[in-house]
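> Got a file for you: upload_3.cif, mmCIF, C-alpha atoms.
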```cif
data_input
#
loop_
_atom_site.label_atom_id
_atom_site.label_comp_id
_atom_site.auth_asym_id
_atom_site.auth_seq_id
_atom_site.Cartn_x
_atom_site.Cartn_y
_atom_site.Cartn_z
CA MET A 164 -126.97 -83.50 40.72
CA MET A 165 -128.54 -86.83 40.98
CA ARG A 166 -127.90 -89.34 38.18
CA MET A 167 -130.97 -90.97 36.72
CA ALA A 168 -130.74 -94.76 36.69
CA THR A 169 -131.09 -96.28 33.19
CA PRO A 170 -133.84 -98.85 33.08
CA ARG A 171 -132.36 -102.24 32.28
CA VAL A 172 -133.69 -103.72 29.00
CA PRO A 173 -134.11 -107.46 29.14
CA ASP A 174 -131.81 -109.34 26.59
CA PRO A 175 -132.75 -112.97 26.76
CA LEU A 176 -130.76 -113.84 23.53
CA GLY A 177 -127.52 -112.23 24.53
CA LEU A 178 -127.57 -109.86 21.58
CA ARG A 179 -125.93 -107.14 23.49
CA ALA A 180 -122.85 -109.17 24.26
CA TRP A 181 -122.73 -110.53 20.74
CA GLY A 182 -122.89 -107.05 19.38
CA ARG A 183 -120.07 -105.87 21.61
CA ARG A 184 -117.87 -108.79 20.53
CA ALA A 185 -118.67 -108.21 16.88
CA GLY A 186 -117.81 -104.57 17.25
CA ARG A 187 -114.49 -105.33 18.88
CA GLN A 188 -113.64 -107.88 16.19
CA ALA A 189 -114.52 -105.45 13.45
CA ALA A 190 -112.39 -102.76 15.03
CA ALA A 191 -109.46 -105.16 15.36
CA GLY A 192 -109.84 -106.27 11.78
CA ALA A 193 -110.00 -102.69 10.62
CA ALA A 194 -106.89 -101.81 12.61
CA ASP A 195 -105.06 -104.82 11.22
CA ALA A 196 -106.05 -103.92 7.72
CA ALA A 197 -104.99 -100.34 8.29
CA GLY A 198 -101.62 -101.50 9.65
CA ARG A 199 -101.02 -103.81 6.74
CA GLY A 200 -101.93 -101.07 4.40
CA GLY A 201 -99.59 -98.68 6.14
CA VAL A 202 -96.70 -101.17 5.99
CA ALA A 203 -97.39 -101.77 2.33
CA ILE A 204 -97.37 -98.04 1.70
CA LEU A 205 -94.10 -97.70 3.63
CA GLU A 206 -92.51 -100.51 1.64
CA ARG A 207 -93.67 -98.93 -1.56
CA ALA A 208 -92.40 -95.59 -0.42
CA LEU A 209 -89.00 -97.00 0.52
CA ALA A 210 -88.74 -98.86 -2.76
CA TRP A 211 -89.62 -95.72 -4.63
CA ARG A 212 -86.68 -94.55 -6.67
CA TYR A 213 -86.93 -90.97 -5.48
CA THR A 214 -86.96 -91.87 -1.83
CA GLU A 215 -83.18 -92.37 -1.65
CA GLU A 216 -82.47 -89.16 -3.49
CA GLY A 217 -84.88 -87.36 -1.25
CA LEU A 218 -83.17 -88.74 1.82
CA ASP A 219 -79.77 -87.64 0.48
CA VAL A 220 -81.10 -84.15 -0.06
CA LEU A 221 -82.62 -84.15 3.37
CA LEU A 222 -79.52 -85.45 5.16
CA GLY A 223 -77.25 -83.06 3.29
CA SER A 224 -79.37 -80.08 4.06
CA PRO A 225 -78.51 -77.45 6.71
CA ALA A 226 -81.67 -78.41 8.48
CA ALA A 227 -80.36 -81.94 9.08
CA GLU A 228 -77.06 -80.51 10.30
CA ARG A 229 -78.90 -78.20 12.68
CA ALA A 230 -81.01 -81.06 13.86
CA VAL A 231 -77.98 -83.21 14.62
CA ARG A 232 -76.25 -80.33 16.38
CA THR A 233 -79.31 -79.65 18.45
CA LEU A 234 -79.53 -83.31 19.29
CA ALA A 235 -75.86 -83.46 20.29
CA ASP A 236 -76.07 -80.30 22.38
CA GLY A 237 -79.17 -81.46 24.10
CA PRO A 238 -79.55 -83.79 27.03
CA LEU A 239 -80.24 -86.81 24.90
CA PRO A 240 -76.65 -88.05 24.49
CA ASP A 241 -76.03 -87.77 28.23
CA LEU A 242 -79.23 -89.60 28.94
CA ALA A 243 -78.27 -92.28 26.44
CA VAL A 244 -74.82 -92.71 27.98
CA ARG A 245 -76.25 -92.85 31.49
CA ALA A 246 -78.78 -95.41 30.37
CA LEU A 247 -76.04 -97.47 28.72
CA VAL A 248 -73.95 -97.40 31.89
CA ARG A 249 -76.88 -97.92 34.27
CA HIS A 250 -78.15 -100.95 32.48
CA GLY A 251 -74.68 -102.45 32.04
CA ILE A 252 -74.85 -102.19 28.30
CA ALA A 253 -71.50 -100.44 28.04
CA GLY A 254 -69.85 -103.21 30.07
CA ARG A 255 -71.44 -105.88 27.97
CA VAL A 256 -70.33 -104.13 24.80
CA ALA A 257 -66.79 -103.82 26.13
CA GLU A 258 -66.73 -107.48 27.13
CA GLU A 259 -68.03 -108.46 23.75
CA LEU A 260 -65.39 -106.35 22.02
CA LEU A 261 -62.62 -107.83 24.18
CA ALA A 262 -63.89 -111.34 23.55
CA GLU A 263 -63.87 -110.73 19.84
CA GLY A 264 -60.26 -109.52 19.97
CA VAL A 265 -61.17 -106.04 18.85
CA ALA A 266 -59.03 -104.48 21.59
CA ALA A 267 -55.98 -106.45 20.49
CA GLN A 268 -56.57 -105.51 16.88
CA LEU A 269 -57.04 -101.91 17.87
CA ALA A 270 -53.79 -101.92 19.88
CA GLU A 271 -51.95 -103.58 17.03
CA ARG A 272 -53.25 -101.05 14.57
CA LEU A 273 -52.37 -98.21 16.90
CA LEU A 274 -48.80 -99.43 17.37
CA ALA A 275 -48.30 -100.03 13.66
CA GLY A 276 -49.73 -96.73 12.54
CA PRO A 277 -48.20 -93.25 12.62
CA GLU A 278 -50.82 -91.91 14.97
CA LEU A 279 -49.10 -93.15 18.11
CA ASP A 280 -45.81 -91.52 17.12
CA ALA A 281 -47.57 -88.28 16.42
CA VAL A 282 -49.42 -88.41 19.71
CA VAL A 283 -46.28 -89.23 21.70
CA CYS A 284 -44.29 -86.50 19.96
CA ALA A 285 -47.04 -84.00 20.55
CA VAL A 286 -47.23 -84.96 24.22
CA VAL A 287 -43.47 -84.81 24.69
CA ASP A 288 -43.16 -81.49 22.86
CA ASP A 289 -45.97 -79.91 24.74
CA PRO A 290 -44.76 -77.37 27.30
CA ARG A 291 -47.44 -78.54 29.66
CA THR A 292 -45.75 -81.93 29.78
CA HIS A 293 -42.48 -80.24 30.70
CA ARG A 294 -44.17 -78.25 33.44
CA LEU A 295 -45.89 -81.36 34.72
CA LEU A 296 -42.61 -83.26 34.75
CA VAL A 297 -40.81 -80.48 36.61
CA ARG A 298 -43.59 -80.26 39.14
CA LEU A 299 -43.50 -84.01 39.55
CA LEU A 300 -39.75 -84.13 40.03
CA GLU A 301 -39.81 -81.31 42.55
CA SER A 302 -42.62 -82.77 44.57
CA GLU A 303 -42.09 -84.29 47.98
CA GLY A 304 -43.77 -87.42 46.81
CA MET A 305 -41.06 -87.97 44.23
CA ASP A 306 -38.41 -87.49 46.92
CA ARG A 307 -40.08 -90.09 49.06
CA LEU A 308 -40.44 -92.42 46.10
CA VAL A 309 -36.78 -92.11 45.15
CA ALA A 310 -35.72 -92.62 48.76
CA GLU A 311 -37.86 -95.71 49.04
CA VAL A 312 -36.50 -97.09 45.79
CA LEU A 313 -32.92 -96.49 46.89
CA GLU A 314 -33.53 -98.10 50.24
CA SER A 315 -35.31 -101.05 48.79
CA ARG A 316 -33.83 -104.42 48.02
CA LEU A 317 -34.42 -103.68 44.37
CA ALA A 318 -31.64 -101.08 44.34
CA ASP A 319 -29.21 -103.47 46.09
CA ALA A 320 -30.07 -106.23 43.68
CA ALA A 321 -29.66 -103.91 40.71
CA VAL A 322 -26.25 -102.70 41.89
CA THR A 323 -25.10 -106.24 42.61
CA ARG A 324 -26.25 -107.39 39.22
CA LEU A 325 -24.61 -104.42 37.54
CA LEU A 326 -21.29 -105.07 39.24
CA ALA A 327 -21.46 -108.78 38.44
CA GLY A 328 -22.16 -108.23 34.77
CA ASP A 329 -19.80 -107.24 31.99
CA GLU A 330 -21.83 -104.27 30.82
CA LEU A 331 -20.63 -101.86 33.49
CA TRP A 332 -17.00 -102.73 32.89
CA ARG A 333 -17.48 -102.36 29.16
CA VAL A 334 -18.88 -98.89 29.77
CA VAL A 335 -16.03 -98.05 32.15
CA GLY A 336 -13.52 -99.32 29.59
CA ALA A 337 -15.11 -97.25 26.88
CA VAL A 338 -15.07 -94.14 29.06
CA VAL A 339 -11.47 -94.66 30.16
CA GLY A 340 -10.36 -95.34 26.60
CA SER A 341 -12.20 -92.42 25.12
CA GLU A 342 -10.16 -89.65 23.54
CA THR A 343 -11.71 -87.06 25.79
CA VAL A 344 -10.59 -88.77 28.98
CA THR A 345 -7.13 -89.74 27.74
CA GLY A 346 -6.67 -86.24 26.36
CA ALA A 347 -7.63 -84.73 29.69
CA ILE A 348 -5.24 -87.04 31.57
CA THR A 349 -2.45 -86.28 29.12
CA ARG A 350 -3.06 -82.56 29.43
CA GLN A 351 -3.07 -82.78 33.19
CA GLY A 352 0.11 -84.89 33.19
CA ALA A 353 1.81 -82.51 30.80
CA GLY A 354 0.71 -79.60 32.91
CA LEU A 355 2.14 -81.22 36.03
CA ALA A 356 5.44 -82.06 34.30
CA ASP A 357 5.60 -78.52 33.01
CA GLN A 358 4.98 -77.14 36.47
CA VAL A 359 7.64 -79.39 38.03
CA ALA A 360 10.17 -78.48 35.34
CA GLY A 361 9.42 -74.80 35.79
CA GLU A 362 9.89 -74.96 39.53
CA LEU A 363 13.09 -76.98 39.16
CA GLY A 364 14.42 -74.44 36.66
CA GLU A 365 13.66 -71.53 38.99
CA ARG A 366 15.37 -73.18 41.93
CA SER A 367 18.43 -74.17 39.92
CA ARG A 368 18.77 -70.61 38.64
CA ARG A 369 18.67 -69.28 42.17
CA ALA A 370 21.31 -71.86 43.07
CA ASP A 371 23.41 -70.63 40.14
CA ALA A 372 23.32 -67.12 41.52
CA ARG A 373 24.13 -68.20 45.06
CA LEU A 374 27.04 -70.35 43.92
CA GLU A 375 28.50 -67.56 41.85
CA ARG A 376 28.19 -65.06 44.66
CA ALA A 377 30.03 -67.49 46.88
CA VAL A 378 32.76 -67.95 44.29
CA GLY A 379 32.98 -64.21 43.78
CA ARG A 380 33.48 -63.67 47.49
CA LEU A 381 36.03 -66.44 47.55
CA LEU A 382 38.00 -64.91 44.72
CA HIS A 383 37.58 -61.38 46.15
CA ARG A 384 36.16 -60.40 42.91
CA ARG A 385 33.03 -58.47 42.70
CA ARG A 386 31.17 -58.67 39.55
CA ASP A 387 29.61 -55.55 38.23
CA GLY A 388 25.89 -55.10 37.82
CA ALA A 389 26.07 -56.40 34.26
CA ARG A 390 26.38 -59.92 35.61
CA PRO A 391 23.09 -61.74 35.03
CA THR A 392 21.29 -63.33 37.91
CA ALA A 393 19.08 -66.34 38.09
CA ALA A 394 16.01 -64.14 37.99
CA GLY A 395 17.20 -62.67 34.72
CA ASP A 396 17.40 -59.14 36.06
CA GLY A 397 20.98 -58.55 35.02
CA SER A 398 22.73 -58.36 31.71
CA PRO A 399 25.90 -60.11 30.48
CA MET B 55 28.85 -67.01 12.84
CA SER B 56 27.01 -64.69 10.59
CA ALA B 57 27.75 -67.03 7.73
CA VAL B 58 26.08 -69.74 9.67
CA ALA B 59 23.12 -67.58 10.25
CA GLY B 60 22.90 -66.68 6.64
CA SER B 61 23.05 -70.21 5.38
CA ARG B 62 20.73 -71.78 7.91
CA PRO B 63 18.18 -69.51 9.50
CA SER B 64 17.07 -70.54 12.95
CA PRO B 65 13.48 -70.51 14.13
CA ARG B 66 14.68 -68.85 17.28
CA ALA B 67 16.35 -66.10 15.29
CA ALA B 68 13.00 -65.38 13.69
CA ALA B 69 11.31 -65.07 17.05
CA PRO B 70 10.24 -61.55 17.95
CA PRO B 71 12.76 -59.89 20.21
CA ALA B 72 11.56 -59.28 23.73
CA ALA B 73 12.61 -56.57 26.08
CA GLY B 74 15.54 -57.20 28.45
CA ALA B 75 18.91 -58.86 28.17
CA PRO B 76 19.33 -62.62 27.83
CA THR B 77 19.86 -64.72 30.91
CA TYR B 78 22.93 -66.88 30.66
CA ILE B 79 22.60 -70.12 32.48
CA GLY B 80 24.90 -71.03 35.35
CA LEU B 81 26.65 -74.10 36.56
CA VAL B 82 23.96 -75.71 38.70
CA THR B 83 21.27 -75.61 36.05
CA ARG B 84 23.63 -76.86 33.38
CA ALA B 85 24.90 -79.61 35.65
CA ILE B 86 21.34 -80.84 36.30
CA ALA B 87 20.59 -80.80 32.59
CA PHE B 88 23.79 -82.67 31.87
CA ALA B 89 22.96 -85.22 34.58
CA VAL B 90 19.61 -85.88 32.95
CA ASP B 91 21.30 -86.31 29.58
CA ALA B 92 23.91 -88.60 31.10
CA ALA B 93 21.16 -90.71 32.65
CA ILE B 94 19.42 -91.08 29.29
CA LEU B 95 22.65 -91.66 27.44
CA ASN B 96 23.97 -94.26 29.82
CA GLY B 97 20.54 -95.84 30.37
CA VAL B 98 20.28 -96.63 26.69
CA ALA B 99 23.90 -97.76 26.59
CA ILE B 100 23.43 -100.05 29.56
CA VAL B 101 20.34 -101.67 28.06
CA VAL B 102 22.11 -102.23 24.76
CA ALA B 103 25.25 -103.52 26.48
CA ALA B 104 23.16 -105.86 28.61
CA GLY B 105 21.51 -107.24 25.48
CA VAL B 106 24.83 -107.78 23.76
CA THR B 107 26.31 -109.37 26.88
CA LEU B 108 23.31 -111.67 27.15
CA VAL B 109 23.79 -112.81 23.59
CA LEU B 110 27.51 -113.31 24.09
CA SER B 111 26.89 -115.31 27.23
CA VAL B 112 25.22 -118.08 25.23
CA VAL B 113 27.53 -117.87 22.22
CA SER B 114 31.09 -119.01 22.75
CA VAL B 115 33.53 -116.53 21.26
CA SER B 116 37.27 -116.47 21.35
CA GLY B 117 39.22 -114.06 23.51
CA ASP B 118 40.38 -112.04 20.53
CA LEU B 119 36.85 -111.63 19.30
CA GLU B 120 35.73 -110.52 22.74
CA ALA B 121 38.39 -107.84 22.67
CA TRP B 122 37.23 -106.69 19.28
CA ILE B 123 33.60 -106.65 20.43
CA ALA B 124 34.57 -104.62 23.48
CA ALA B 125 36.44 -102.17 21.29
CA ALA B 126 33.45 -101.94 18.96
CA GLY B 127 31.21 -101.38 21.96
CA GLY B 128 33.42 -98.57 23.17
CA ALA B 129 33.44 -97.00 19.74
CA ALA B 130 29.66 -97.34 19.54
CA TYR B 131 29.30 -95.70 22.93
CA LEU B 132 31.52 -92.84 21.86
CA LEU B 133 29.61 -92.48 18.61
CA TRP B 134 26.32 -92.61 20.45
CA SER B 135 27.44 -89.92 22.89
CA VAL B 136 28.75 -87.62 20.20
CA GLY B 137 25.70 -88.21 18.04
CA TYR B 138 23.33 -87.59 20.93
CA PHE B 139 24.73 -84.22 21.89
CA ALA B 140 25.69 -83.06 18.40
CA THR B 141 22.27 -83.89 17.00
CA PHE B 142 20.31 -82.11 19.70
CA TRP B 143 22.60 -79.09 19.90
CA SER B 144 22.62 -78.57 16.16
CA THR B 145 18.91 -79.06 15.61
CA THR B 146 16.80 -77.68 18.40
CA GLY B 147 19.68 -76.50 20.55
CA GLN B 148 18.20 -78.52 23.37
CA THR B 149 19.00 -81.96 24.62
CA PRO B 150 16.24 -83.59 26.67
CA GLY B 151 18.01 -82.39 29.80
CA ASN B 152 18.16 -78.87 28.41
CA ARG B 153 14.50 -79.11 27.54
CA LEU B 154 13.68 -80.11 31.07
CA MET B 155 15.63 -77.18 32.46
CA ARG B 156 14.36 -74.85 29.75
CA ILE B 157 17.77 -73.83 28.48
CA ARG B 158 19.16 -73.75 25.00
CA VAL B 159 22.60 -73.85 23.39
CA VAL B 160 23.00 -71.22 20.71
CA ALA B 161 25.81 -69.56 18.86
CA ALA B 162 27.03 -66.23 20.21
CA SER B 163 24.93 -64.56 17.54
CA GLY B 164 21.83 -66.29 18.74
CA ASP B 165 21.58 -68.72 15.83
CA ALA B 166 21.61 -72.47 16.00
CA ILE B 167 25.03 -74.07 15.82
CA ARG B 168 26.13 -76.25 12.93
CA PRO B 169 26.79 -79.99 13.41
CA ARG B 170 30.54 -79.61 12.98
CA ARG B 171 30.66 -77.00 15.66
CA ALA B 172 28.47 -79.18 17.85
CA VAL B 173 30.97 -82.02 17.52
CA LEU B 174 33.78 -79.60 18.32
CA ARG B 175 31.86 -78.43 21.38
CA PHE B 176 31.48 -82.00 22.58
CA ALA B 177 35.21 -82.66 22.11
CA ALA B 178 36.05 -79.53 24.05
CA LEU B 179 33.59 -80.57 26.74
CA ALA B 180 35.36 -83.91 27.07
CA VAL B 181 38.77 -82.21 27.29
CA GLY B 182 37.53 -79.65 29.81
CA ALA B 183 35.95 -82.33 31.94
CA ALA B 184 39.00 -84.56 31.77
CA ALA B 185 41.25 -81.82 33.12
CA LEU B 186 39.70 -82.02 36.59
CA LEU B 187 36.65 -80.16 35.29
CA ALA B 188 38.83 -77.11 34.77
CA GLY B 189 36.93 -76.24 31.64
CA ILE B 190 33.66 -76.39 33.51
CA TRP B 191 34.65 -74.16 36.44
CA LEU B 192 35.05 -71.31 33.98
CA ILE B 193 31.29 -70.92 34.10
CA LEU B 194 31.61 -69.53 37.59
CA ILE B 195 33.91 -66.71 36.64
CA ASP B 196 32.96 -65.79 33.10
CA GLU B 197 30.54 -62.92 32.73
CA ARG B 198 28.53 -64.79 30.13
CA ARG B 199 28.79 -68.00 32.08
CA ARG B 200 30.73 -69.77 29.38
CA ALA B 201 32.68 -72.97 29.88
CA LEU B 202 35.74 -74.04 27.90
CA HIS B 203 33.62 -75.75 25.27
CA ASP B 204 31.56 -72.57 24.90
CA PHE B 205 34.70 -70.58 24.24
CA VAL B 206 35.95 -73.13 21.75
CA ALA B 207 32.65 -73.46 19.90
CA ARG B 208 31.71 -69.80 20.39
CA THR B 209 28.40 -70.69 21.98
CA VAL B 210 26.39 -69.59 24.96
CA VAL B 211 23.69 -71.27 27.00
CA VAL B 212 20.63 -69.14 27.54
CA ASP B 213 17.10 -69.38 28.79
CA GLU B 214 15.00 -70.97 26.08
CA ARG B 215 12.56 -68.08 26.06
CA GLN B 216 15.37 -65.62 25.37
CA ALA B 217 17.29 -67.57 22.76
CA GLY B 218 16.39 -65.13 19.99
CA ARG B 219 17.94 -62.08 21.61
CA VAL B 220 21.48 -63.12 22.52
#
```
Could I get this structure in the form of structure tokens?

Amino acid sequence: MMRMATPRVPDPLGLRAWGRRAGRQAAAGAADAAGRGGVAILERALAWRYTEEGLDVLLGSPAAERAVRTLADGPLPDLAVRALVRHGIAGRVAEELLAEGVAAQLAERLLAGPELDAVVCAVVDDPRTHRLLVRLLESEGMDRLVAEVLESRLADAAVTRLLAGDELWRVVGAVVGSETVTGAITRQGAGLADQVAGELGERSRRADARLERAVGRLLHRRRDGARPTAAGDGSP
Amino acid sequence: MSAVAGSRPSPRAAAPPAAGAPTYIGLVTRAIAFAVDAAILNGVAIVVAAGVTLVLSVVSVSGDLEAWIAAAGGAAYLLWSVGYFATFWSTTGQTPGNRLMRIRVVAASGDAIRPRRAVLRFAALAVGAAALLAGIWLILIDERRRALHDFVARTVVVDERQAGRV
């Protein structure tokens, strides 16, 4: 379809342009006035005494809870986190926190409070920790690590330092002087003395019997079966 | 003997009787036990005598006093010997040597012997030993392996585990 060309009206005074400018200015003024009016209404609304109560009701309502849950379950938090990381905001926040000493305060608070103890106890008591530890200790990597540590200069230096210090000898002295060890040594010594005495007694009793048999033969006197022997199998 | 038992009950007499006859101890075992006792007895005496001699070596004493000290030393040694044997025989029935050899001196009834009888036993032991050990050789021919001092003191030497059933 062919478009019909509009015949150009001559405007020697520039009224058309003036009109367009006036229109734009009027529209801008109207928009400004509308904005100011809106802000004023908002300020009035916020200053209204029922606004706060209304907000409390709104925020405490199940609808607000549902809204927050929906927001949290949705993609928005992930997007926000990605945006924070991508734009370096998270790093800047962390640097700012470190510079302000927040990390140190946080660590201090954590160490002073009971939470750390509870966390450590929970971790240590957890059977998963035990399983992890067992798996770690039985792993080949741990074997290699231990072997490397033992072969390293660190182990030699530690042993040398241990032998040069007084601590080891204090420990050895305490162990040697402990009642358990001395009791065990005494028991073993008593057991040995008992064993030696028993063996000596047995041998001397056999010697008794041999000597008396020899004397009996010498005197041509046979003793009857009532004569006791070293083994105690006779009677007087 | 029964009077002794009645007046002074022995722990061994209270021990439960075990099956089998007692084993009387022969010459070799008793000789070893006596050797151990002699070593202890004389070891202590030698140490004491050495101490006294050391003291006397720095203190000048007259000859008469030395004679008296020697006599006192001899008396002390005799007393020490008698006391050693009499005490052990009349209490546990075992000197350290007897303990080592696991033998015990008891009365013929199985009870512990009284101190007076222990002293008598020691005196008889000394007499029997002095007569060329004639009192000791009796052990070899007596059926209960008794020596002269056992006859005199009416004692026997038995295995310590069988002391309650003599």
> With only C-alpha atoms considered, list every residue of chain B at most 8 Å from chain A, as a list in words.
Gly74, Ala75, Pro76, Thr77, Tyr78, Ile79, Gly80, Leu81, Val82, Thr83, Leu154, Met155, Arg156, Leu194, Ile195, Glu197 and Arg198 of chain B
> Mind writing the picked residues with C-alpha atoms as a PDB file, in the coordinates of the input?

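What landed in out15.pdb:
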```pdb
ATOM      1  CA  GLY B  74      15.540 -57.200  28.450  1.00  0.00           C
ATOM      2  CA  ALA B  75      18.910 -58.860  28.170  1.00  0.00           C
ATOM      3  CA  PRO B  76      19.330 -62.620  27.830  1.00  0.00           C
ATOM      4  CA  THR B  77      19.860 -64.720  30.910  1.00  0.00           C
ATOM      5  CA  TYR B  78      22.930 -66.880  30.660  1.00  0.00           C
ATOM      6  CA  ILE B  79      22.600 -70.120  32.480  1.00  0.00           C
ATOM      7  CA  GLY B  80      24.900 -71.030  35.350  1.00  0.00           C
ATOM      8  CA  LEU B  81      26.650 -74.100  36.560  1.00  0.00           C
ATOM      9  CA  VAL B  82      23.960 -75.710  38.700  1.00  0.00           C
ATOM     10  CA  THR B  83      21.270 -75.610  36.050  1.00  0.00           C
ATOM     11  CA  LEU B 154      13.680 -80.110  31.070  1.00  0.00           C
ATOM     12  CA  MET B 155      15.630 -77.180  32.460  1.00  0.00           C
ATOM     13  CA  ARG B 156      14.360 -74.850  29.750  1.00  0.00           C
ATOM     14  CA  LEU B 194      31.610 -69.530  37.590  1.00  0.00           C
ATOM     15  CA  ILE B 195      33.910 -66.710  36.640  1.00  0.00           C
ATOM     16  CA  GLU B 197      30.540 -62.920  32.730  1.00  0.00           C
ATOM     17  CA  ARG B 198      28.530 -64.790  30.130  1.00  0.00           C
TER      18      ARG B 198
END
```
> For the PyMOL selection byres ((chain B and resi 93-109) around 8), applied here, can you spell out every residue it catches as a list of chain:residue names?
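So the PyMOL selection byres ((chain B and resi 93-109) around 8), applied here, picks out B:Ala89, B:Val90, B:Asp91, B:Ala92, B:Leu110, B:Ser111, B:Val112, B:Val113, B:Gly127, B:Tyr131, B:Trp134, B:Ser135, B:Tyr138.
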> How would you write, as a PyMOL selection string, the residues chosen by the PyMOL selection byres ((chain B and resi 214) around 9) on this structure?
chain B and resi 148+152-153+155-159+211-213+215-218
> Restricting the output to C-alpha atoms, write the selected residues as a tab-separated table (two decimals), in the frame of the given file.

```
chain	number	residue	atom	x	y	z
B	148	GLN	CA	18.20	-78.52	23.37
B	152	ASN	CA	18.16	-78.87	28.41
B	153	ARG	CA	14.50	-79.11	27.54
B	155	MET	CA	15.63	-77.18	32.46
B	156	ARG	CA	14.36	-74.85	29.75
B	157	ILE	CA	17.77	-73.83	28.48
B	158	ARG	CA	19.16	-73.75	25.00
B	159	VAL	CA	22.60	-73.85	23.39
B	211	VAL	CA	23.69	-71.27	27.00
B	212	VAL	CA	20.63	-69.14	27.54
B	213	ASP	CA	17.10	-69.38	28.79
B	215	ARG	CA	12.56	-68.08	26.06
B	216	GLN	CA	15.37	-65.62	25.37
B	217	ALA	CA	17.29	-67.57	22.76
B	218	GLY	CA	16.39	-65.13	19.99
```
> Work out how far apart atom CA of Arg175 of chain B and atom CA of His203 of chain B are and give it in Å to one decimal.
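Atom-to-atom, atom CA of Arg175 of chain B to atom CA of His203 of chain B, that is 5.0 Å.
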> Enter the distance from atom CA of Glu216 of chain A to atom CA of Glu228 of chain A, in Å, rounded to one decimal.
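These atoms are spaced 17.2 Å apart.
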> Identify, on the basis of all atoms listed in the file, every residue whose closest approach to Val210 of chain B does not exceed 7 Å; exclude the query and any residue fewer than 6 positions from it along the same chain; express the result as a PyMOL selection string.
chain B and resi 159-162+200+204
> On this structure, the PyMOL selection byres ((chain B and resi 168) around 9) would catch which residues? List them as a PyMOL selection string, sorted by chain and number.
chain B and resi 58+62+140+143-145+161+166-167+169-173
> Box time for segment 193-210 of chain A: axis-aligned, enclosing all its listed atoms, 8 Å extra on each side; report centre and edge lengths in Å to one decimal, as AutoDock Vina command-line options.

```
--center_x -99.4 --center_y -100.2 --center_z 4.9 --size_x 37.3 --size_y 25.2 --size_z 31.4
```
> Provide the atom CA of Leu186 of chain B to atom CA of Thr149 of chain B distance in Å, to one decimal place.
23.9 Å
